[in-house]
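Chemist: As input, take data20.csv (CSV, N, CA and C atoms):
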chain,number,residue,atom,x,y,z
A,1324,MET,N,97.6,13.7,175.5
A,1324,MET,CA,97.1,13.8,176.9
A,1324,MET,C,98.1,14.5,177.8
A,1325,LEU,N,99.4,14.1,177.7
A,1325,LEU,CA,100.5,14.7,178.5
A,1325,LEU,C,100.6,16.2,178.2
A,1326,THR,N,100.5,16.5,176.9
A,1326,THR,CA,100.6,17.9,176.5
A,1326,THR,C,99.4,18.7,177.1
A,1327,THR,N,98.2,18.2,177.1
A,1327,THR,CA,97.1,18.9,177.6
A,1327,THR,C,97.2,19.1,179.1
A,1328,VAL,N,97.7,18.1,179.8
A,1328,VAL,CA,97.9,18.2,181.3
A,1328,VAL,C,99.0,19.2,181.6
A,1329,ALA,N,100.1,19.1,180.9
A,1329,ALA,CA,101.2,20.0,181.1
A,1329,ALA,C,100.8,21.5,180.9
A,1330,TYR,N,100.2,21.7,179.7
A,1330,TYR,CA,99.8,23.1,179.4
A,1330,TYR,C,98.7,23.6,180.4
A,1331,GLY,N,97.8,22.7,180.7
A,1331,GLY,CA,96.7,23.1,181.6
A,1331,GLY,C,97.2,23.5,183.0
A,1332,LEU,N,98.1,22.6,183.5
A,1332,LEU,CA,98.7,22.9,184.8
A,1332,LEU,C,99.5,24.2,184.8
A,1333,ALA,N,100.3,24.4,183.7
A,1333,ALA,CA,101.0,25.7,183.6
A,1333,ALA,C,100.1,26.9,183.6
A,1334,ILE,N,99.1,26.8,182.8
A,1334,ILE,CA,98.1,27.9,182.7
A,1334,ILE,C,97.5,28.2,184.0
A,1335,VAL,N,97.0,27.2,184.7
A,1335,VAL,CA,96.4,27.3,186.0
A,1335,VAL,C,97.4,28.0,187.0
A,1336,LEU,N,98.6,27.5,187.1
A,1336,LEU,CA,99.6,28.0,188.0
A,1336,LEU,C,99.9,29.5,187.7
A,1337,ASN,N,100.0,29.8,186.5
A,1337,ASN,CA,100.3,31.2,186.1
A,1337,ASN,C,99.1,32.1,186.4
A,1338,LEU,N,97.9,31.6,186.2
A,1338,LEU,CA,96.7,32.4,186.5
A,1338,LEU,C,96.6,32.6,188.1
A,1339,LEU,N,97.0,31.6,188.8
A,1339,LEU,CA,96.9,31.7,190.3
A,1339,LEU,C,97.9,32.7,190.7
A,1340,CYS,N,99.1,32.8,190.1
A,1340,CYS,CA,100.0,33.9,190.4
A,1340,CYS,C,99.4,35.3,190.2
A,1341,LEU,N,98.7,35.4,189.1
A,1341,LEU,CA,98.0,36.7,188.8
A,1341,LEU,C,97.0,37.0,189.9
A,1342,LEU,N,96.2,36.0,190.3
A,1342,LEU,CA,95.2,36.2,191.3
A,1342,LEU,C,95.8,36.5,192.7
A,1343,ILE,N,96.9,35.8,193.0
A,1343,ILE,CA,97.6,36.1,194.3
A,1343,ILE,C,98.1,37.6,194.2
A,1344,GLY,N,98.7,37.9,193.1
A,1344,GLY,CA,99.2,39.3,192.9
A,1344,GLY,C,98.1,40.3,193.1
A,1345,ALA,N,96.9,40.1,192.4
A,1345,ALA,CA,95.8,41.0,192.5
A,1345,ALA,C,95.3,41.1,194.0
A,1346,ARG,N,95.3,40.0,194.7
A,1346,ARG,CA,94.8,40.0,196.1
A,1346,ARG,C,95.7,40.8,196.9
A,1347,PHE,N,97.0,40.7,196.7
A,1347,PHE,CA,98.0,41.6,197.5
A,1347,PHE,C,97.8,43.0,197.2
A,1348,LEU,N,97.4,43.3,195.9
A,1348,LEU,CA,97.2,44.7,195.6
A,1348,LEU,C,95.9,45.3,196.1
A,1349,LEU,N,94.9,44.4,196.1
A,1349,LEU,CA,93.5,44.9,196.5
A,1349,LEU,C,93.3,44.8,198.0
A,1350,THR,N,93.7,43.7,198.6
A,1350,THR,CA,93.5,43.5,200.1
A,1350,THR,C,94.8,43.0,200.7
A,1351,PRO,N,95.7,43.9,200.8
A,1351,PRO,CA,97.1,43.4,201.2
A,1351,PRO,C,97.2,42.8,202.6
A,1352,HIS,N,96.4,43.3,203.5
A,1352,HIS,CA,96.6,42.7,204.9
A,1352,HIS,C,95.9,41.3,205.0
A,1353,ALA,N,94.8,41.1,204.3
A,1353,ALA,CA,94.1,39.8,204.3
A,1353,ALA,C,95.0,38.8,203.5
A,1354,ALA,N,95.6,39.3,202.4
A,1354,ALA,CA,96.5,38.5,201.7
A,1354,ALA,C,97.7,38.0,202.5
A,1355,ALA,N,98.3,39.0,203.3
A,1355,ALA,CA,99.4,38.6,204.1
A,1355,ALA,C,99.1,37.6,205.1
A,1356,THR,N,97.9,37.7,205.7
A,1356,THR,CA,97.4,36.7,206.6
A,1356,THR,C,97.3,35.3,205.9
A,1357,GLY,N,96.8,35.3,204.7
A,1357,GLY,CA,96.7,34.1,204.0
A,1357,GLY,C,98.0,33.5,203.6
A,1358,TYR,N,99.0,34.4,203.4
A,1358,TYR,CA,100.3,34.0,203.1
A,1358,TYR,C,101.0,33.2,204.3
A,1359,GLY,N,100.5,33.5,205.5
A,1359,GLY,CA,101.1,32.8,206.7
A,1359,GLY,C,101.8,33.7,207.6
A,1360,VAL,N,102.0,35.0,207.3
A,1360,VAL,CA,102.6,35.9,208.2
A,1360,VAL,C,101.8,37.2,208.1
A,1361,PRO,N,100.9,37.4,209.1
A,1361,PRO,CA,100.1,38.6,209.1
A,1361,PRO,C,101.0,39.9,209.2
A,1362,ALA,N,100.5,40.9,208.5
A,1362,ALA,CA,101.2,42.2,208.5
A,1362,ALA,C,100.2,43.3,208.9
A,1363,THR,N,100.6,44.2,209.8
A,1363,THR,CA,99.7,45.3,210.2
A,1363,THR,C,100.1,46.6,209.5
A,1364,THR,N,101.4,46.6,209.1
A,1364,THR,CA,101.9,47.8,208.4
A,1364,THR,C,102.6,47.3,207.1
A,1365,ASP,N,103.5,48.2,206.6
A,1365,ASP,CA,104.3,47.8,205.5
A,1365,ASP,C,103.5,47.6,204.2
A,1366,ARG,N,102.5,48.4,204.0
A,1366,ARG,CA,101.7,48.3,202.8
A,1366,ARG,C,102.5,48.3,201.5
A,1367,ALA,N,103.6,49.1,201.5
A,1367,ALA,CA,104.5,49.1,200.3
A,1367,ALA,C,105.1,47.8,200.0
A,1368,TYR,N,105.5,47.1,201.0
A,1368,TYR,CA,106.1,45.7,200.8
A,1368,TYR,C,105.1,44.7,200.3
A,1369,LEU,N,103.9,44.9,200.8
A,1369,LEU,CA,102.8,44.0,200.4
A,1369,LEU,C,102.4,44.3,198.9
A,1370,THR,N,102.5,45.6,198.5
A,1370,THR,CA,102.2,46.0,197.1
A,1370,THR,C,103.3,45.4,196.2
A,1371,ILE,N,104.5,45.5,196.7
A,1371,ILE,CA,105.7,44.9,195.9
A,1371,ILE,C,105.4,43.4,195.7
A,1372,LYS,N,105.0,42.7,196.7
A,1372,LYS,CA,104.7,41.3,196.6
A,1372,LYS,C,103.6,41.0,195.6
A,1373,GLY,N,102.6,41.9,195.6
A,1373,GLY,CA,101.5,41.7,194.6
A,1373,GLY,C,102.0,41.9,193.2
A,1374,LEU,N,102.8,43.0,193.0
A,1374,LEU,CA,103.4,43.2,191.7
A,1374,LEU,C,104.3,42.1,191.2
A,1375,ARG,N,105.1,41.6,192.1
A,1375,ARG,CA,106.0,40.5,191.8
A,1375,ARG,C,105.3,39.2,191.4
A,1376,ASP,N,104.3,38.8,192.2
A,1376,ASP,CA,103.5,37.6,191.8
A,1376,ASP,C,102.7,37.8,190.5
A,1377,GLY,N,102.1,38.9,190.4
A,1377,GLY,CA,101.4,39.2,189.1
A,1377,GLY,C,102.3,39.1,187.9
A,1378,THR,N,103.4,39.7,188.0
A,1378,THR,CA,104.4,39.7,186.9
A,1378,THR,C,104.9,38.3,186.6
A,1379,TYR,N,105.1,37.5,187.6
A,1379,TYR,CA,105.5,36.1,187.3
A,1379,TYR,C,104.4,35.4,186.6
A,1380,GLY,N,103.2,35.6,186.9
A,1380,GLY,CA,102.1,35.0,186.2
A,1380,GLY,C,102.0,35.4,184.7
A,1381,LEU,N,102.2,36.7,184.5
A,1381,LEU,CA,102.2,37.3,183.1
A,1381,LEU,C,103.4,36.7,182.3
A,1382,VAL,N,104.6,36.7,182.9
A,1382,VAL,CA,105.7,36.2,182.2
A,1382,VAL,C,105.5,34.7,181.9
A,1383,GLY,N,105.0,33.9,182.8
A,1383,GLY,CA,104.8,32.5,182.5
A,1383,GLY,C,103.8,32.3,181.4
A,1384,LEU,N,102.7,33.1,181.4
A,1384,LEU,CA,101.7,33.0,180.3
A,1384,LEU,C,102.4,33.4,178.9
A,1385,ALA,N,103.1,34.5,179.0
A,1385,ALA,CA,103.8,34.9,177.7
A,1385,ALA,C,104.8,33.9,177.2
A,1386,LEU,N,105.6,33.3,178.1
A,1386,LEU,CA,106.5,32.2,177.7
A,1386,LEU,C,105.8,31.1,177.1
A,1387,LEU,N,104.7,30.6,177.7
A,1387,LEU,CA,104.0,29.5,177.2
A,1387,LEU,C,103.4,29.8,175.8
A,1388,ALA,N,102.8,31.0,175.7
A,1388,ALA,CA,102.2,31.4,174.4
A,1388,ALA,C,103.2,31.6,173.3
A,1389,PHE,N,104.3,32.3,173.6
A,1389,PHE,CA,105.2,32.7,172.5
A,1389,PHE,C,106.5,32.0,172.4
A,1390,ALA,N,106.9,31.3,173.4
A,1390,ALA,CA,108.2,30.7,173.4
A,1390,ALA,C,108.1,29.2,173.5
A,1391,GLY,N,107.0,28.6,174.0
A,1391,GLY,CA,106.8,27.2,174.0
A,1391,GLY,C,107.0,26.5,175.3
A,1392,PRO,N,106.8,25.2,175.3
A,1392,PRO,CA,106.8,24.5,176.6
A,1392,PRO,C,108.2,24.4,177.2
A,1393,GLN,N,109.3,24.3,176.4
A,1393,GLN,CA,110.6,24.2,177.0
A,1393,GLN,C,111.0,25.5,177.7
A,1394,ALA,N,110.7,26.6,177.1
A,1394,ALA,CA,111.0,27.9,177.8
A,1394,ALA,C,110.2,28.0,179.1
A,1395,GLU,N,108.9,27.6,179.1
A,1395,GLU,CA,108.1,27.6,180.2
A,1395,GLU,C,108.6,26.7,181.3
A,1396,ALA,N,109.1,25.5,180.9
A,1396,ALA,CA,109.6,24.5,181.8
A,1396,ALA,C,110.8,25.1,182.6
A,1397,TRP,N,111.7,25.8,181.9
A,1397,TRP,CA,112.9,26.4,182.5
A,1397,TRP,C,112.4,27.5,183.5
A,1398,PHE,N,111.5,28.3,183.0
A,1398,PHE,CA,110.9,29.3,183.9
A,1398,PHE,C,110.4,28.7,185.2
A,1399,MET,N,109.6,27.7,185.0
A,1399,MET,CA,109.0,27.0,186.2
A,1399,MET,C,110.0,26.4,187.1
A,1400,LEU,N,111.1,25.8,186.5
A,1400,LEU,CA,112.1,25.3,187.3
A,1400,LEU,C,112.8,26.4,188.2
A,1401,VAL,N,113.1,27.5,187.6
A,1401,VAL,CA,113.7,28.6,188.3
A,1401,VAL,C,112.7,29.2,189.3
A,1402,ILE,N,111.5,29.5,188.9
A,1402,ILE,CA,110.5,30.2,189.7
A,1402,ILE,C,110.1,29.3,190.9
A,1403,ALA,N,110.4,28.1,190.9
A,1403,ALA,CA,110.1,27.2,192.1
A,1403,ALA,C,110.9,27.7,193.3
A,1404,LEU,N,112.0,28.4,193.1
A,1404,LEU,CA,112.7,29.0,194.2
A,1404,LEU,C,111.9,30.0,195.0
A,1405,VAL,N,110.9,30.6,194.4
A,1405,VAL,CA,110.1,31.6,195.1
A,1405,VAL,C,109.3,30.9,196.2
A,1406,PRO,N,108.5,29.9,196.0
A,1406,PRO,CA,107.7,29.3,197.1
A,1406,PRO,C,108.6,28.6,198.1
A,1407,LEU,N,109.8,28.1,197.6
A,1407,LEU,CA,110.7,27.5,198.6
A,1407,LEU,C,111.2,28.6,199.5
A,1408,GLY,N,111.6,29.7,199.0
A,1408,GLY,CA,112.0,30.9,199.8
A,1408,GLY,C,110.8,31.3,200.7
A,1409,ASP,N,109.6,31.3,200.2
A,1409,ASP,CA,108.4,31.7,201.0
A,1409,ASP,C,108.3,30.8,202.2
A,1410,THR,N,108.6,29.5,202.0
A,1410,THR,CA,108.5,28.5,203.1
A,1410,THR,C,109.4,29.0,204.2
A,1411,LEU,N,110.6,29.3,203.9
A,1411,LEU,CA,111.6,29.8,204.9
A,1411,LEU,C,111.1,31.1,205.6
A,1412,VAL,N,110.6,32.0,204.8
A,1412,VAL,CA,110.1,33.3,205.3
A,1412,VAL,C,109.0,33.0,206.4
A,1413,VAL,N,108.1,32.2,206.0
A,1413,VAL,CA,107.0,31.9,207.0
A,1413,VAL,C,107.5,31.3,208.2
A,1414,LEU,N,108.4,30.3,208.1
A,1414,LEU,CA,109.0,29.6,209.3
A,1414,LEU,C,109.8,30.6,210.1
A,1415,ARG,N,110.6,31.4,209.5
A,1415,ARG,CA,111.4,32.3,210.3
A,1415,ARG,C,110.7,33.5,210.9
A,1416,ASN,N,109.5,33.7,210.5
A,1416,ASN,CA,108.8,34.9,211.0
A,1416,ASN,C,107.5,34.6,211.8
A,1417,GLY,N,107.5,33.4,212.4
A,1417,GLY,CA,106.4,33.1,213.3
A,1417,GLY,C,105.2,32.5,212.7
A,1418,GLY,N,105.2,32.2,211.4
A,1418,GLY,CA,104.1,31.5,210.8
A,1418,GLY,C,104.0,30.1,211.2
A,1419,THR,N,102.9,29.4,210.9
A,1419,THR,CA,102.8,28.0,211.2
A,1419,THR,C,103.5,27.1,210.2
A,1420,LYS,N,103.8,25.9,210.7
A,1420,LYS,CA,104.4,24.9,209.8
A,1420,LYS,C,103.3,24.5,208.8
A,1421,ALA,N,102.1,24.5,209.2
A,1421,ALA,CA,101.0,24.2,208.2
A,1421,ALA,C,101.0,25.1,207.1
A,1422,ALA,N,101.1,26.4,207.3
A,1422,ALA,CA,101.2,27.4,206.2
A,1422,ALA,C,102.4,27.2,205.4
A,1423,ALA,N,103.6,27.1,206.1
A,1423,ALA,CA,104.9,27.0,205.4
A,1423,ALA,C,104.9,25.8,204.5
A,1424,PHE,N,104.5,24.6,205.0
A,1424,PHE,CA,104.6,23.4,204.2
A,1424,PHE,C,103.3,23.1,203.4
A,1425,GLY,N,102.2,23.4,204.0
A,1425,GLY,CA,100.9,23.1,203.3
A,1425,GLY,C,100.6,24.1,202.1
A,1426,ILE,N,101.1,25.3,202.2
A,1426,ILE,CA,100.9,26.3,201.1
A,1426,ILE,C,102.1,26.4,200.3
A,1427,HIS,N,103.2,26.9,200.9
A,1427,HIS,CA,104.4,27.3,200.1
A,1427,HIS,C,105.2,26.1,199.6
A,1428,PHE,N,105.5,25.2,200.5
A,1428,PHE,CA,106.3,24.0,200.0
A,1428,PHE,C,105.6,23.2,199.0
A,1429,ALA,N,104.3,23.0,199.3
A,1429,ALA,CA,103.4,22.2,198.4
A,1429,ALA,C,103.3,22.9,197.0
A,1430,THR,N,103.3,24.2,197.0
A,1430,THR,CA,103.3,25.0,195.8
A,1430,THR,C,104.6,24.8,195.0
A,1431,ALA,N,105.7,24.8,195.7
A,1431,ALA,CA,107.0,24.5,195.1
A,1431,ALA,C,107.1,23.1,194.4
A,1432,VAL,N,106.5,22.1,195.1
A,1432,VAL,CA,106.5,20.8,194.6
A,1432,VAL,C,105.6,20.8,193.3
A,1433,LEU,N,104.5,21.4,193.4
A,1433,LEU,CA,103.6,21.5,192.2
A,1433,LEU,C,104.2,22.2,191.0
A,1434,VAL,N,104.9,23.3,191.3
A,1434,VAL,CA,105.6,24.0,190.2
A,1434,VAL,C,106.7,23.1,189.6
A,1435,LEU,N,107.4,22.4,190.4
A,1435,LEU,CA,108.5,21.5,189.9
A,1435,LEU,C,107.8,20.3,189.1
A,1436,LEU,N,106.7,19.8,189.5
A,1436,LEU,CA,106.0,18.8,188.8
A,1436,LEU,C,105.6,19.3,187.4
A,1437,CYS,N,105.1,20.6,187.4
A,1437,CYS,CA,104.7,21.2,186.2
A,1437,CYS,C,105.9,21.3,185.2
A,1438,ALA,N,107.0,21.8,185.8
A,1438,ALA,CA,108.3,21.9,185.0
A,1438,ALA,C,108.6,20.5,184.4
A,1439,GLY,N,108.6,19.5,185.2
A,1439,GLY,CA,108.9,18.2,184.7
A,1439,GLY,C,107.9,17.7,183.5
A,1440,LEU,N,106.7,18.0,183.7
A,1440,LEU,CA,105.7,17.7,182.6
A,1440,LEU,C,106.0,18.5,181.4
A,1441,LEU,N,106.3,19.7,181.5
A,1441,LEU,CA,106.6,20.6,180.3
A,1441,LEU,C,107.9,20.1,179.6
A,1442,PHE,N,108.9,19.7,180.4
A,1442,PHE,CA,110.1,19.2,179.8
A,1442,PHE,C,109.8,17.9,179.0
A,1443,ALA,N,108.8,17.1,179.5
A,1443,ALA,CA,108.5,15.8,178.8
A,1443,ALA,C,107.7,16.0,177.6
A,1444,VAL,N,107.1,17.2,177.4
A,1444,VAL,CA,106.2,17.4,176.2
A,1444,VAL,C,107.1,17.5,174.9
Would you kindly transcribe this structure into structure tokens?

Modeler:
Amino acid sequence: MLTTVAYGLAIVLNLLCLLIGARFLLTPHAAATGYGVPATTDRAYLTIKGLRDGTYGLVGLALLAFAGPQAEAWFMLVIALVPLGDTLVVLRNGGTKAAAFGIHFATAVLVLLCAGLLFAV
């Protein structure tokens, strides 16, 4: 049961990274608004964010498929720094506390929970 939950959560989180990346590539301004800091320009930076998030999702899926749960757990532990950093970016750039903590900080907690489950497998 624990293995199923750990793998399932890891797969879902990695697929969400792919979806977030795709959203930033396809509708960058709407994605930036959803992120918590609207952007009217800087399409290049929004594209970079889309590529970054999509790549994280692909790396996570590849690690889970080819290296196993321990490698994925370490990846999740390290990658949790991204939504923690995103929390600070939103707070420092005029975003709401609801977006900072409700989206980004909550994501970091979920990613850390996933890492813990994968370490336990």

Chemist: One decimal, in Å: what's the spacing between CA of Gly1373 in chain A and atom C of Ala1345 in chain A?

Modeler: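 Between CA of Gly1373 in chain A and atom C of Ala1345 in chain A the gap is 6.3 Å.
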
Chemist: Between A:Leu1348, A:Val1413, A:Ala1385, A:Leu1404, single out the one closest to Arg1366 in chain A, counting only C-alpha atoms.

Modeler: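 So, comparing all the options, the nearest one is A:Leu1348.
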
Chemist: Which protein, DNA or RNA residues have an atom at most 7 Å from (102.5, 23.6, 188.4), counting only N, CA and C atoms? List them as a PyMOL selection string.

Modeler: chain A and resi 1332-1333+1335-1337+1432-1438

Chemist: For the atom pair CA of Leu1338 in chain A and CA of Gly1383 in chain A, what is the interatomic distance in Å to one decimal place?

Modeler: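 Result for CA of Leu1338 in chain A versus CA of Gly1383 in chain A: 9.0 Å, one decimal.
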
Chemist: Could you give me the residues within chain A that DSSP places in alpha helix (DSSP H), as JSON, numbers by chain?

Modeler: {"A": [1325, 1326, 1327, 1328, 1329, 1330, 1331, 1332, 1333, 1334, 1335, 1336, 1337, 1338, 1339, 1340, 1341, 1342, 1343, 1344, 1345, 1346, 1347, 1348, 1349, 1351, 1352, 1353, 1354, 1355, 1356, 1357, 1358, 1366, 1367, 1368, 1369, 1370, 1371, 1372, 1373, 1374, 1375, 1376, 1377, 1378, 1379, 1380, 1381, 1382, 1383, 1384, 1385, 1386, 1387, 1388, 1389, 1392, 1393, 1394, 1395, 1396, 1397, 1398, 1399, 1400, 1401, 1402, 1404, 1405, 1406, 1407, 1408, 1409, 1410, 1411, 1412, 1413, 1414, 1415, 1420, 1421, 1422, 1429, 1430, 1431, 1432, 1433, 1434, 1435, 1436, 1437, 1438, 1439, 1440, 1441, 1442, 1443]}

Chemist: Please compute the CA of Asn1416 in chain A-CA of Ala1353 in chain A distance, one decimal, in Å.

Modeler: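 Computed distance, CA of Asn1416 in chain A to CA of Ala1353 in chain A, equals 16.9 Å.
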
Chemist: Could you name the residues that touch Ile1343 in chain A at 12 Å or less, counting only C-alpha atoms, but leaving out those on the same chain fewer than 3 positions away, as a VMD selection string?

Modeler: chain A and resid 1336 to 1340 1346 to 1351 1353 to 1355 1357 to 1358 1369 to 1370 1372 to 1380
